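Asks: Structure file my_file_7.cif (mmCIF, C-alpha atoms) right here:
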data_structure
loop_
_atom_site.label_atom_id
_atom_site.label_comp_id
_atom_site.auth_asym_id
_atom_site.auth_seq_id
_atom_site.Cartn_x
_atom_site.Cartn_y
_atom_site.Cartn_z
CA MET A 89 -69.74 -23.33 52.83
CA THR A 90 -71.91 -25.13 50.29
CA GLY A 91 -75.41 -26.51 50.46
CA GLN A 92 -78.64 -24.97 51.73
CA ARG A 93 -78.13 -22.02 49.44
CA ARG A 94 -81.41 -20.41 48.62
CA TRP A 95 -81.91 -17.67 46.11
CA SER A 96 -84.77 -15.27 46.52
CA PRO A 97 -85.51 -12.71 43.80
CA THR A 98 -86.87 -10.31 46.42
CA ARG A 99 -83.73 -10.50 48.49
CA ALA A 100 -81.46 -10.23 45.45
CA ILE A 101 -83.28 -7.18 44.08
CA GLY A 102 -83.56 -5.62 47.54
CA ALA A 103 -79.85 -6.02 48.19
CA TRP A 104 -78.97 -4.60 44.79
CA LEU A 105 -81.34 -1.61 45.02
CA THR A 106 -79.90 -0.58 48.38
CA SER A 107 -76.25 -1.03 47.36
CA GLN A 108 -73.58 1.46 46.33
CA VAL A 109 -73.37 -0.39 43.05
CA PHE A 110 -76.99 0.49 42.24
CA ALA A 111 -76.54 4.11 43.40
CA ARG A 112 -73.75 4.54 40.83
CA GLN A 113 -75.80 2.83 38.14
CA LEU A 114 -78.79 5.05 38.91
CA GLY A 115 -76.56 8.12 38.52
CA ASP A 116 -75.51 6.89 35.06
CA PHE A 117 -79.08 6.14 34.11
CA LEU A 118 -80.32 9.59 35.18
CA LEU A 119 -77.68 11.17 32.95
CA LEU A 120 -78.77 8.99 30.05
CA TRP A 121 -82.42 9.85 30.68
CA MET A 122 -81.61 13.56 30.57
CA VAL A 123 -79.67 13.19 27.31
CA PHE A 124 -82.41 11.20 25.59
CA LYS A 125 -85.16 13.37 27.06
CA GLY A 126 -83.40 16.42 25.66
CA ALA A 127 -83.12 14.79 22.24
CA ASN A 128 -86.77 13.72 22.38
CA ALA A 129 -87.91 17.21 23.41
CA PHE A 130 -85.91 18.79 20.59
CA THR A 131 -87.44 16.39 18.03
CA ALA A 132 -90.93 17.07 19.38
CA MET A 133 -90.40 20.86 19.22
CA THR A 134 -89.22 20.73 15.63
CA ALA A 135 -92.37 18.71 14.80
CA GLY A 136 -94.53 21.33 16.55
CA LEU A 137 -95.47 19.04 19.46
CA PRO A 138 -95.30 19.80 23.20
CA PRO A 139 -91.65 18.94 24.07
CA LEU A 140 -92.14 17.23 27.41
CA ALA A 141 -95.49 15.51 26.77
CA PHE A 142 -95.62 11.77 27.56
CA ARG A 143 -95.93 9.93 24.22
CA PRO A 144 -95.80 6.18 24.90
CA GLY A 145 -94.17 5.25 21.56
CA ALA A 146 -91.45 7.87 21.85
CA GLU A 147 -90.87 6.99 25.50
CA ALA A 148 -90.52 3.29 24.70
CA GLY A 149 -88.04 4.10 21.92
CA ALA A 150 -86.07 6.42 24.17
CA PHE A 151 -86.01 3.84 26.95
CA ALA A 152 -84.77 1.14 24.56
CA LEU A 153 -81.88 3.39 23.52
CA GLU A 154 -81.16 4.41 27.12
CA TYR A 155 -81.09 0.79 28.17
CA LEU A 156 -78.75 -0.23 25.35
CA ALA A 157 -76.37 2.59 26.29
CA PHE A 158 -76.73 1.62 29.93
CA LEU A 159 -75.84 -2.02 29.15
CA ALA A 160 -72.72 -0.78 27.38
CA PHE A 161 -71.82 1.17 30.55
CA LEU A 162 -72.45 -1.95 32.66
CA ARG A 163 -70.18 -4.03 30.44
CA HIS A 164 -67.49 -1.39 30.41
CA ASP A 165 -67.51 -1.20 34.22
CA ARG A 166 -67.73 -5.03 34.54
CA GLU A 167 -70.96 -4.72 36.46
CA ASP A 168 -72.90 -7.06 34.15
CA LEU A 169 -70.89 -9.96 35.56
CA LEU A 170 -71.38 -8.77 39.13
CA LEU A 171 -75.15 -8.54 38.63
CA ALA A 172 -75.18 -12.00 37.08
CA SER A 173 -73.39 -13.37 40.15
CA LEU A 174 -76.39 -12.11 42.16
CA GLY A 175 -78.60 -14.36 40.04
CA LEU A 176 -80.22 -11.35 38.34
CA ASP A 177 -81.17 -11.91 34.71
CA ARG A 178 -81.49 -8.99 32.28
CA PRO A 179 -85.30 -8.61 32.61
CA LEU A 180 -84.94 -8.21 36.37
CA VAL A 181 -82.16 -5.65 35.89
CA LEU A 182 -84.32 -3.82 33.36
CA LEU A 183 -87.32 -3.47 35.64
CA PRO A 184 -86.19 -0.76 38.10
CA PHE A 185 -84.78 1.38 35.29
CA ALA A 186 -88.01 1.07 33.29
CA LEU A 187 -89.89 2.31 36.35
CA VAL A 188 -87.41 5.17 36.86
CA HIS A 189 -87.75 6.17 33.21
CA ALA A 190 -91.55 6.08 33.28
CA GLY A 191 -91.70 7.95 36.61
CA LEU A 192 -89.35 10.72 35.51
CA SER A 193 -91.03 11.13 32.13
CA CYS A 194 -94.48 11.31 33.75
CA ALA A 195 -93.18 13.84 36.29
CA ALA A 196 -91.65 15.97 33.52
CA ALA A 197 -94.90 15.87 31.53
CA THR A 198 -96.93 16.85 34.63
CA LEU A 199 -94.59 19.71 35.54
CA ALA A 200 -94.61 20.99 31.96
CA MET B 62 -79.66 -35.83 47.71
CA THR B 63 -77.08 -36.21 44.98
CA ASP B 64 -74.26 -38.72 45.10
CA PRO B 65 -71.12 -36.77 46.12
CA THR B 66 -68.90 -39.06 44.07
CA LEU B 67 -70.77 -38.21 40.87
CA PRO B 68 -69.50 -35.17 38.99
CA HIS B 69 -71.30 -32.02 40.03
CA LEU B 70 -70.58 -30.65 36.59
CA ALA B 71 -69.73 -32.62 33.47
CA ALA B 72 -69.32 -31.85 29.79
CA ASP B 73 -69.42 -35.05 27.78
CA SER B 74 -68.69 -35.91 24.12
CA ILE B 75 -68.30 -32.24 23.28
CA VAL B 76 -67.66 -31.30 19.68
CA HIS B 77 -67.11 -27.67 18.79
CA ARG B 78 -65.96 -25.85 15.70
CA PHE B 79 -64.81 -22.32 14.93
CA GLY B 80 -65.43 -21.84 11.24
CA THR B 81 -63.95 -24.88 9.53
CA ARG B 82 -61.56 -25.67 12.39
CA THR B 83 -62.80 -28.31 14.82
CA VAL B 84 -61.33 -27.39 18.20
CA LEU B 85 -63.01 -30.04 20.32
CA HIS B 86 -63.60 -33.64 19.24
CA ALA B 87 -65.58 -35.64 21.79
CA ALA B 88 -63.98 -33.78 24.69
CA TYR B 89 -64.87 -34.55 28.30
CA VAL B 90 -64.26 -32.70 31.54
CA ASP B 91 -65.93 -32.75 34.92
CA ALA B 92 -65.75 -31.37 38.44
CA ILE B 93 -66.39 -33.43 41.56
CA ALA B 94 -67.40 -32.05 44.95
CA GLY B 95 -64.50 -31.73 47.36
CA THR B 96 -61.79 -32.05 44.73
CA VAL B 97 -59.66 -29.69 42.66
CA THR B 98 -59.59 -30.63 38.99
CA ALA B 99 -57.22 -28.98 36.54
CA LEU B 100 -57.42 -28.75 32.78
CA VAL B 101 -54.22 -28.18 30.84
CA GLY B 102 -53.33 -27.92 27.19
CA GLN B 103 -51.41 -25.74 24.81
CA SER B 104 -52.60 -22.26 23.92
CA GLY B 105 -55.45 -22.58 21.44
CA ALA B 106 -56.15 -26.17 22.49
CA GLY B 107 -59.73 -25.28 23.45
CA LYS B 108 -59.51 -25.06 27.25
CA THR B 109 -61.50 -21.84 27.56
CA THR B 110 -64.00 -23.04 24.96
CA LEU B 111 -64.55 -26.25 26.91
CA LEU B 112 -64.97 -24.34 30.18
CA GLU B 113 -67.43 -21.95 28.56
CA ILE B 114 -69.41 -24.90 27.21
CA LEU B 115 -69.33 -26.53 30.62
CA VAL B 116 -70.76 -23.45 32.32
CA GLY B 117 -73.39 -22.97 29.64
CA LEU B 118 -72.02 -19.81 28.06
CA ARG B 119 -71.35 -21.43 24.71
CA ARG B 120 -73.45 -24.01 22.89
CA PRO B 121 -71.48 -26.98 21.55
CA LEU B 122 -72.05 -28.44 18.12
CA SER B 123 -72.86 -31.71 19.84
CA GLY B 124 -72.44 -33.31 23.23
CA GLN B 125 -74.10 -32.69 26.55
CA VAL B 126 -73.60 -30.78 29.77
CA ARG B 127 -74.92 -32.06 33.09
CA TYR B 128 -75.30 -30.28 36.41
CA ALA B 129 -75.78 -32.62 39.37
CA GLY B 130 -76.67 -35.40 36.95
CA ALA B 131 -79.34 -33.42 35.08
CA ARG B 132 -78.82 -32.54 31.46
CA VAL B 133 -79.23 -28.83 30.85
CA PRO B 134 -79.42 -26.58 27.81
CA ARG B 135 -77.48 -23.35 27.50
CA VAL B 136 -78.04 -21.08 30.50
CA SER B 137 -77.30 -17.47 31.31
CA ARG B 138 -74.62 -16.51 33.79
CA ALA B 139 -77.33 -15.49 36.26
CA ALA B 140 -79.11 -18.83 35.92
CA LEU B 141 -75.76 -20.50 36.42
CA ALA B 142 -75.24 -18.61 39.69
CA ARG B 143 -78.69 -19.67 40.87
CA ARG B 144 -77.70 -23.28 40.14
CA GLY B 145 -74.71 -22.92 42.42
CA VAL B 146 -72.07 -22.66 39.70
CA VAL B 147 -69.79 -19.64 39.60
CA TYR B 148 -67.54 -19.00 36.63
CA VAL B 149 -64.51 -16.78 37.11
CA PRO B 150 -63.23 -15.88 33.63
CA ASP B 151 -59.66 -14.81 33.00
CA ALA B 152 -60.86 -11.26 32.29
CA PRO B 153 -61.61 -9.01 35.29
CA TRP B 154 -65.17 -9.33 36.56
CA LEU B 155 -65.45 -6.99 39.53
CA SER B 156 -66.86 -3.50 39.08
CA THR B 157 -64.05 -1.12 38.21
CA ARG B 158 -65.59 1.91 39.95
CA VAL B 159 -66.79 0.62 43.31
CA ARG B 160 -64.50 -0.53 46.11
CA VAL B 161 -64.22 -4.24 46.80
CA ARG B 162 -65.98 -4.09 50.20
CA PRO B 163 -69.45 -3.03 48.95
CA GLN B 164 -69.27 -5.58 46.15
CA LEU B 165 -68.40 -8.37 48.54
CA ALA B 166 -71.09 -7.18 50.96
CA LEU B 167 -73.68 -7.11 48.18
CA VAL B 168 -72.94 -10.65 47.02
CA ALA B 169 -72.78 -11.91 50.61
CA ARG B 170 -76.17 -10.35 51.37
CA VAL B 171 -77.81 -12.00 48.38
CA TRP B 172 -76.37 -15.43 49.14
CA ASP B 173 -76.61 -15.16 52.91
CA SER B 174 -72.91 -15.59 53.53
CA ASP B 175 -70.72 -13.68 55.97
CA ALA B 176 -68.61 -11.12 54.11
CA ASP B 177 -66.14 -10.70 57.00
CA THR B 178 -65.56 -14.45 57.27
CA VAL B 179 -65.11 -14.79 53.51
CA ALA B 180 -62.69 -11.83 53.42
CA ARG B 181 -60.66 -13.26 56.30
CA ALA B 182 -60.56 -16.76 54.82
CA SER B 183 -59.56 -15.34 51.43
CA GLY B 184 -56.86 -13.08 52.88
CA VAL B 185 -58.28 -10.00 51.18
CA GLU B 186 -59.16 -7.90 54.25
CA PRO B 187 -56.45 -5.29 53.56
CA LEU B 188 -57.75 -4.88 50.00
CA LEU B 189 -61.42 -4.31 50.76
CA ASP B 190 -61.30 -0.51 50.72
CA ARG B 191 -59.59 -0.26 47.39
CA ALA B 192 -61.25 0.02 43.99
CA SER B 193 -60.72 -3.11 41.93
CA ALA B 194 -59.18 -0.93 39.21
CA ALA B 195 -56.43 -0.01 41.70
CA LEU B 196 -55.53 -3.62 42.51
CA SER B 197 -52.66 -5.58 41.02
CA SER B 198 -53.52 -8.68 38.95
CA GLY B 199 -52.83 -10.98 41.88
CA GLU B 200 -54.82 -8.90 44.36
CA ARG B 201 -57.69 -8.63 41.91
CA ARG B 202 -57.72 -12.37 41.29
CA LEU B 203 -57.89 -13.07 45.04
CA CYS B 204 -60.68 -10.50 45.47
CA GLU B 205 -62.60 -12.05 42.59
CA LEU B 206 -62.24 -15.45 44.19
CA ALA B 207 -63.47 -14.00 47.50
CA VAL B 208 -66.56 -12.54 45.81
CA ALA B 209 -67.14 -15.82 43.98
CA THR B 210 -66.82 -17.65 47.32
CA ALA B 211 -69.41 -15.33 48.87
CA CYS B 212 -71.90 -16.80 46.36
CA ARG B 213 -71.61 -20.06 48.38
CA PRO B 214 -71.09 -22.05 45.20
CA ASP B 215 -71.37 -25.81 44.89
CA ALA B 216 -68.96 -25.60 41.97
CA ILE B 217 -66.48 -22.99 40.91
CA VAL B 218 -64.88 -22.90 37.48
CA LEU B 219 -61.87 -20.64 36.90
CA ASP B 220 -60.01 -19.77 33.74
CA GLU B 221 -56.29 -19.24 34.33
CA PRO B 222 -56.47 -18.31 38.03
CA PHE B 223 -52.67 -18.27 38.35
CA ARG B 224 -51.95 -16.11 35.32
CA ASP B 225 -49.80 -13.01 36.03
CA LEU B 226 -49.56 -13.79 39.75
CA ASP B 227 -46.35 -13.35 41.73
CA PRO B 228 -45.18 -16.36 43.80
CA LEU B 229 -46.91 -15.19 46.99
CA HIS B 230 -50.24 -14.60 45.27
CA ARG B 231 -49.91 -17.91 43.41
CA GLU B 232 -49.40 -19.67 46.71
CA ALA B 233 -52.37 -17.85 48.25
CA MET B 234 -54.56 -18.71 45.25
CA GLY B 235 -53.55 -22.37 45.40
CA HIS B 236 -54.20 -22.48 49.14
CA ARG B 237 -57.61 -20.89 48.68
CA LEU B 238 -58.63 -23.34 45.95
CA ARG B 239 -57.58 -26.24 48.18
CA ALA B 240 -59.56 -24.75 51.07
CA LEU B 241 -62.67 -24.42 48.90
CA ALA B 242 -62.39 -28.08 47.92
CA GLY B 243 -61.96 -28.87 51.61
CA ASP B 244 -65.31 -27.17 52.18
CA GLY B 245 -66.91 -29.52 49.66
CA VAL B 246 -66.86 -27.24 46.61
CA ALA B 247 -66.18 -28.80 43.20
CA VAL B 248 -63.24 -26.75 41.90
CA LEU B 249 -62.21 -26.85 38.25
CA PHE B 250 -59.61 -24.61 36.65
CA ALA B 251 -57.68 -24.33 33.42
CA ASP B 252 -54.14 -23.01 33.60
CA HIS B 253 -50.66 -23.22 32.11
CA ASP B 254 -48.81 -23.00 35.42
CA ALA B 255 -47.45 -26.54 35.65
CA THR B 256 -46.07 -26.07 39.17
CA MET B 257 -49.32 -24.78 40.60
CA VAL B 258 -51.34 -27.40 38.74
CA ALA B 259 -49.19 -30.15 40.27
CA GLU B 260 -49.36 -28.57 43.74
CA THR B 261 -53.06 -27.73 43.74
CA ALA B 262 -54.95 -30.29 41.68
CA ASP B 263 -56.18 -33.72 42.73
CA ARG B 264 -57.12 -34.65 39.18
CA LEU B 265 -55.88 -33.54 35.79
CA PHE B 266 -57.46 -33.49 32.37
CA ALA B 267 -55.29 -32.66 29.38
CA ILE B 268 -56.55 -31.46 26.02
CA GLU B 269 -54.60 -32.61 23.03
CA GLU B 270 -55.80 -32.10 19.48
CA GLY B 271 -59.33 -31.43 20.68
CA ARG B 272 -59.55 -34.58 22.81
CA THR B 273 -59.25 -34.77 26.55
CA ARG B 274 -57.57 -37.47 28.53
CA VAL B 275 -57.08 -38.08 32.22
CA VAL B 276 -53.46 -37.73 33.33
CA SER B 277 -52.89 -39.84 36.40
CA ASP B 278 -49.13 -39.44 36.93
CA PHE B 279 -48.98 -35.65 36.88
CA LYS B 280 -47.65 -35.47 40.44
CA GLU B 281 -44.64 -37.59 39.48
CA ARG B 282 -43.96 -36.51 35.92
CA PRO B 283 -43.42 -32.81 35.11
CA ILE B 284 -46.36 -31.46 33.15
CA VAL B 285 -43.98 -29.65 30.85
CA GLU B 286 -43.04 -33.09 29.46
CA TRP B 287 -46.62 -33.57 28.37
CA TYR B 288 -46.52 -30.21 26.62
CA ARG B 289 -43.31 -31.21 24.82
CA GLY B 290 -44.86 -34.49 23.82
CA TRP B 291 -47.90 -32.75 22.33
CA SER B 292 -46.04 -29.99 20.56
CA GLY B 293 -43.04 -32.01 19.43
CA ILE B 294 -40.87 -29.10 20.55
CA ASP B 295 -37.88 -29.68 22.84
CA GLN B 296 -36.57 -27.35 25.55
CA THR B 297 -34.46 -25.43 23.04
CA GLY B 298 -37.53 -24.69 20.94
CA ARG B 299 -36.59 -27.12 18.14
CA ARG B 300 -39.11 -29.49 16.60
CA VAL B 301 -38.06 -33.07 17.39
CA ASP B 302 -40.73 -35.15 15.70
CA GLY B 303 -41.72 -35.77 12.12
#
Let me see whether you can do it: turn the structure in this file into structure tokens.
Replies:
Amino acid sequence: MTGQRRWSPTRAIGAWLTSQVFARQLGDFLLLWMVFKGANAFTAMTAGLPPLAFRPGAEAGAFALEYLAFLAFLRHDREDLLLASLGLDRPLVLLPFALVHAGLSCAAATLA
Amino acid sequence: MTDPTLPHLAADSIVHRFGTRTVLHAAYVDAIAGTVTALVGQSGAGKTTLLEILVGLRRPLSGQVRYAGARVPRVSRAALARRGVVYVPDAPWLSTRVRVRPQLALVARVWDSDADTVARASGVEPLLDRASAALSSGERRLCELAVATACRPDAIVLDEPFRDLDPLHREAMGHRLRALAGDGVAVLFADHDATMVAETADRLFAIEEGRTRVVSDFKERPIVEWYRGWSGIDQTGRRVDG
């Protein structure tokens, strides 16, 4: 049972990204992105700016809030401990969601 | 190659304080490969604190923690898993919204273990298609142990694994912990269940007034006598000392 255990970040992330656990987490994150995107767009409109434009500062702020809310979801659903048992530290967990956020925000800005 | 007789995990000379109250004074606990070690003590004696210090989740005021002989600073839970140490806290730690099977499969895939073999050995096959939120305490504890086992740990540290379990689940948990030790895993747990401690453990540490001591005659002498000795309370609940 023990010994010869090897941990590979690629395998750990690959297994997580193709799991049901990640699919549920992605669903949560998409909801959070929509909520914060809506709030961001509303703030931009009231300031007379294009609502869906990609503004790096605003996007970074929105992502920070999304991620904090997402961590609260993870804790609530006990998935922070499950991810830790995969050997995944917070920065590694953050990475795919940062990419999803940036990709969706860029897509929204392009479509607008 | 590490010496298998040396503790895989050890917390030595640990001092810890909550506010002005010192809960641990030069406490020591360790876990040795292939053995089951238990830690007992009254509620509030500092068992969970000592376990959390041992697994790097809490920084002691002073003292040191060693993994496989190497002194280490505080580590994250993820870093701990990568070091081959799995901590199963007394609170639930499986996802509450995904069935057990995909969680076990995910962990098994990362650590290259066989989910079916682990499930069979852990006796949780009938529970795999249920959400962990729908499991009883005993079923959940066994599933958590199965997932922890799928990490192929060198050491496993559990906080109150027998709590709230019915006799059958207690027996299954004890059997599973013994089997893990048989596979060479260093098993350490803290619990109040004197019967299961006596049946399951090879070694016993007791915490009393923030200090630990090795109890060698715990198989012969009921552990509850130790508790009475520490608390000064007899079986009727009356204080007998002082």
Asks: Give as a list in words the residues that the PyMOL selection byres ((chain A) within 6 of (chain B)) matches when applied to the coordinates above.
Replies: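 Expected selection for the PyMOL selection byres ((chain A) within 6 of (chain B)) here is Met89, Thr90, Ala100, Asp165, Arg166, Glu167, Leu169, Ala172, Ser173, Gly175, Leu176 and Asp177 of chain A.
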Asks: Counting all atoms listed in the file, figure out which residue out of A:Ala152, A:Leu140, A:Met133, A:Leu183 gets nearest to Ala195 (chain A).
Replies: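 Under the stated criterion, the closest residue is A:Leu140.
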Asks: Return the single residue from B:Val97, B:Val136, B:Val90, B:Cys204 that is closest to Arg119 (chain B), with distances computed using all atoms listed in the file.
Replies: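 Residue with the minimum atom-to-atom distance to Arg119 (chain B): B:Val136.
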Asks: Output the residue selection produced by the PyMOL selection byres ((chain B and resi 258) around 9) on the file above, formatted as a list in words.
Replies: Thr98, Ala99, Leu100, Val101, Gly235, Phe250, Ala251, Asp252, His253, Asp254, Ala255, Thr256, Met257, Ala259, Glu260, Thr261, Ala262, Asp263, Leu265, Phe279 and Ile284 of chain B
Asks: Given the choices A:Leu114, A:Val123, A:Ala103, A:Ala141, which gets closest to Ala200 (chain A) if the distance is worked out from all atoms listed in the file?
Replies: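 That would be A:Ala141, the residue with the smallest distance to Ala200 (chain A).
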Asks: Just so the selection is clear, what residues does the PyMOL selection byres ((chain A and resi 128) around 12) cover here, as an MDAnalysis selection string?
Replies: chainID A and resid 121:127 129:135 137:143 145:151 153:154 193
Asks: Suppose you want the space between CA of Leu118 (chain A) and CA of Leu170 (chain A); what is it in Å?
Replies: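 The value is 20.8 Å.
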Asks: Quick check, in Å to one decimal: how far apart do CA of Ala111 (chain A) and CA of Ala197 (chain A) lie?
Replies: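 Calculated distance between CA of Ala111 (chain A) and CA of Ala197 (chain A) is 24.8 Å.
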Asks: Pick the closest to Leu196 (chain B) from B:Leu219, B:Ile75, B:Val161, B:Tyr89: which is it, counting all atoms listed in the file?
Replies: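 Closest candidate: B:Val161.
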Asks: For a test of reading the model, state the distance in Å between CA of Leu182 (chain A) and CA of Thr98 (chain A), rounded to one decimal.
Replies: 14.8 Å
Asks: Pick from A:Val181, A:Ala186, A:Leu174, A:Gln108: nearest to Arg94 (chain A), with all atoms listed in the file counted?
Replies: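 The shortest atom-to-atom distance to Arg94 (chain A) comes from A:Leu174.
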Asks: Using all atoms listed in the file, pick whichever of B:Leu67, B:Val126, B:Ile268, B:Ala240 has the shortest atom-to-atom distance to Val84 (chain B).
Replies: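 With all atoms listed in the file as the atom set, the closest residue is B:Ile268.
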Asks: Go ahead and fit an axis-aligned box to every listed atom of region 128-135 of chain A plus 6 Å each side, and pass me the centre and edge lengths in Å, one decimal, as JSON.
Replies:
{"center_x": -89.1, "center_y": 17.3, "center_z": 19.1, "size_x": 18.5, "size_y": 19.1, "size_z": 20.6}
Asks: Put region 145-194 of chain A into a file with C-alpha atoms, as a PDB file, in the first residue's frame.
Replies:
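The file below, out18.pdb, is the result:
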ATOM      1  CA  GLY A 145      -8.034  46.460 -12.978  1.00  0.00           C
ATOM      2  CA  ALA A 146     -11.768  45.871 -12.733  1.00  0.00           C
ATOM      3  CA  GLU A 147     -11.372  42.294 -13.950  1.00  0.00           C
ATOM      4  CA  ALA A 148      -8.678  41.565 -11.364  1.00  0.00           C
ATOM      5  CA  GLY A 149     -10.886  43.008  -8.622  1.00  0.00           C
ATOM      6  CA  ALA A 150     -13.896  41.034  -9.807  1.00  0.00           C
ATOM      7  CA  PHE A 151     -11.847  37.849 -10.000  1.00  0.00           C
ATOM      8  CA  ALA A 152     -10.526  38.358  -6.462  1.00  0.00           C
ATOM      9  CA  LEU A 153     -14.089  38.662  -5.168  1.00  0.00           C
ATOM     10  CA  GLU A 154     -15.279  35.705  -7.252  1.00  0.00           C
ATOM     11  CA  TYR A 155     -12.443  33.596  -5.929  1.00  0.00           C
ATOM     12  CA  LEU A 156     -13.133  34.528  -2.312  1.00  0.00           C
ATOM     13  CA  ALA A 157     -16.802  33.623  -2.751  1.00  0.00           C
ATOM     14  CA  PHE A 158     -15.757  30.447  -4.528  1.00  0.00           C
ATOM     15  CA  LEU A 159     -13.447  29.470  -1.640  1.00  0.00           C
ATOM     16  CA  ALA A 160     -16.368  29.944   0.734  1.00  0.00           C
ATOM     17  CA  PHE A 161     -18.409  27.563  -1.471  1.00  0.00           C
ATOM     18  CA  LEU A 162     -15.533  25.059  -1.453  1.00  0.00           C
ATOM     19  CA  ARG A 163     -15.324  25.173   2.336  1.00  0.00           C
ATOM     20  CA  HIS A 164     -19.061  24.869   2.726  1.00  0.00           C
ATOM     21  CA  ASP A 165     -19.132  21.794   0.472  1.00  0.00           C
ATOM     22  CA  ARG A 166     -15.974  20.343   2.131  1.00  0.00           C
ATOM     23  CA  GLU A 167     -14.192  20.314  -1.196  1.00  0.00           C
ATOM     24  CA  ASP A 168     -11.201  22.319   0.057  1.00  0.00           C
ATOM     25  CA  LEU A 169     -10.122  19.274   2.058  1.00  0.00           C
ATOM     26  CA  LEU A 170     -10.705  16.942  -0.877  1.00  0.00           C
ATOM     27  CA  LEU A 171      -8.570  19.132  -3.152  1.00  0.00           C
ATOM     28  CA  ALA A 172      -5.844  19.278  -0.512  1.00  0.00           C
ATOM     29  CA  SER A 173      -5.814  15.468  -0.375  1.00  0.00           C
ATOM     30  CA  LEU A 174      -4.938  15.581  -4.093  1.00  0.00           C
ATOM     31  CA  GLY A 175      -1.837  17.578  -3.169  1.00  0.00           C
ATOM     32  CA  LEU A 176      -3.239  20.724  -4.816  1.00  0.00           C
ATOM     33  CA  ASP A 177      -2.282  23.974  -3.100  1.00  0.00           C
ATOM     34  CA  ARG A 178      -4.428  27.100  -3.447  1.00  0.00           C
ATOM     35  CA  PRO A 179      -2.372  28.675  -6.292  1.00  0.00           C
ATOM     36  CA  LEU A 180      -2.846  25.536  -8.379  1.00  0.00           C
ATOM     37  CA  VAL A 181      -6.580  25.535  -7.637  1.00  0.00           C
ATOM     38  CA  LEU A 182      -6.740  29.223  -8.554  1.00  0.00           C
ATOM     39  CA  LEU A 183      -5.131  28.808 -11.956  1.00  0.00           C
ATOM     40  CA  PRO A 184      -7.926  27.165 -14.005  1.00  0.00           C
ATOM     41  CA  PHE A 185     -10.521  29.568 -12.623  1.00  0.00           C
ATOM     42  CA  ALA A 186      -8.329  32.582 -13.421  1.00  0.00           C
ATOM     43  CA  LEU A 187      -8.094  31.315 -16.997  1.00  0.00           C
ATOM     44  CA  VAL A 188     -11.868  30.728 -17.162  1.00  0.00           C
ATOM     45  CA  HIS A 189     -12.512  34.234 -15.842  1.00  0.00           C
ATOM     46  CA  ALA A 190     -10.107  35.864 -18.291  1.00  0.00           C
ATOM     47  CA  GLY A 191     -11.425  33.799 -21.224  1.00  0.00           C
ATOM     48  CA  LEU A 192     -15.073  34.574 -20.521  1.00  0.00           C
ATOM     49  CA  SER A 193     -14.425  38.266 -19.920  1.00  0.00           C
ATOM     50  CA  CYS A 194     -12.412  38.544 -23.145  1.00  0.00           C
TER      51      CYS A 194
END
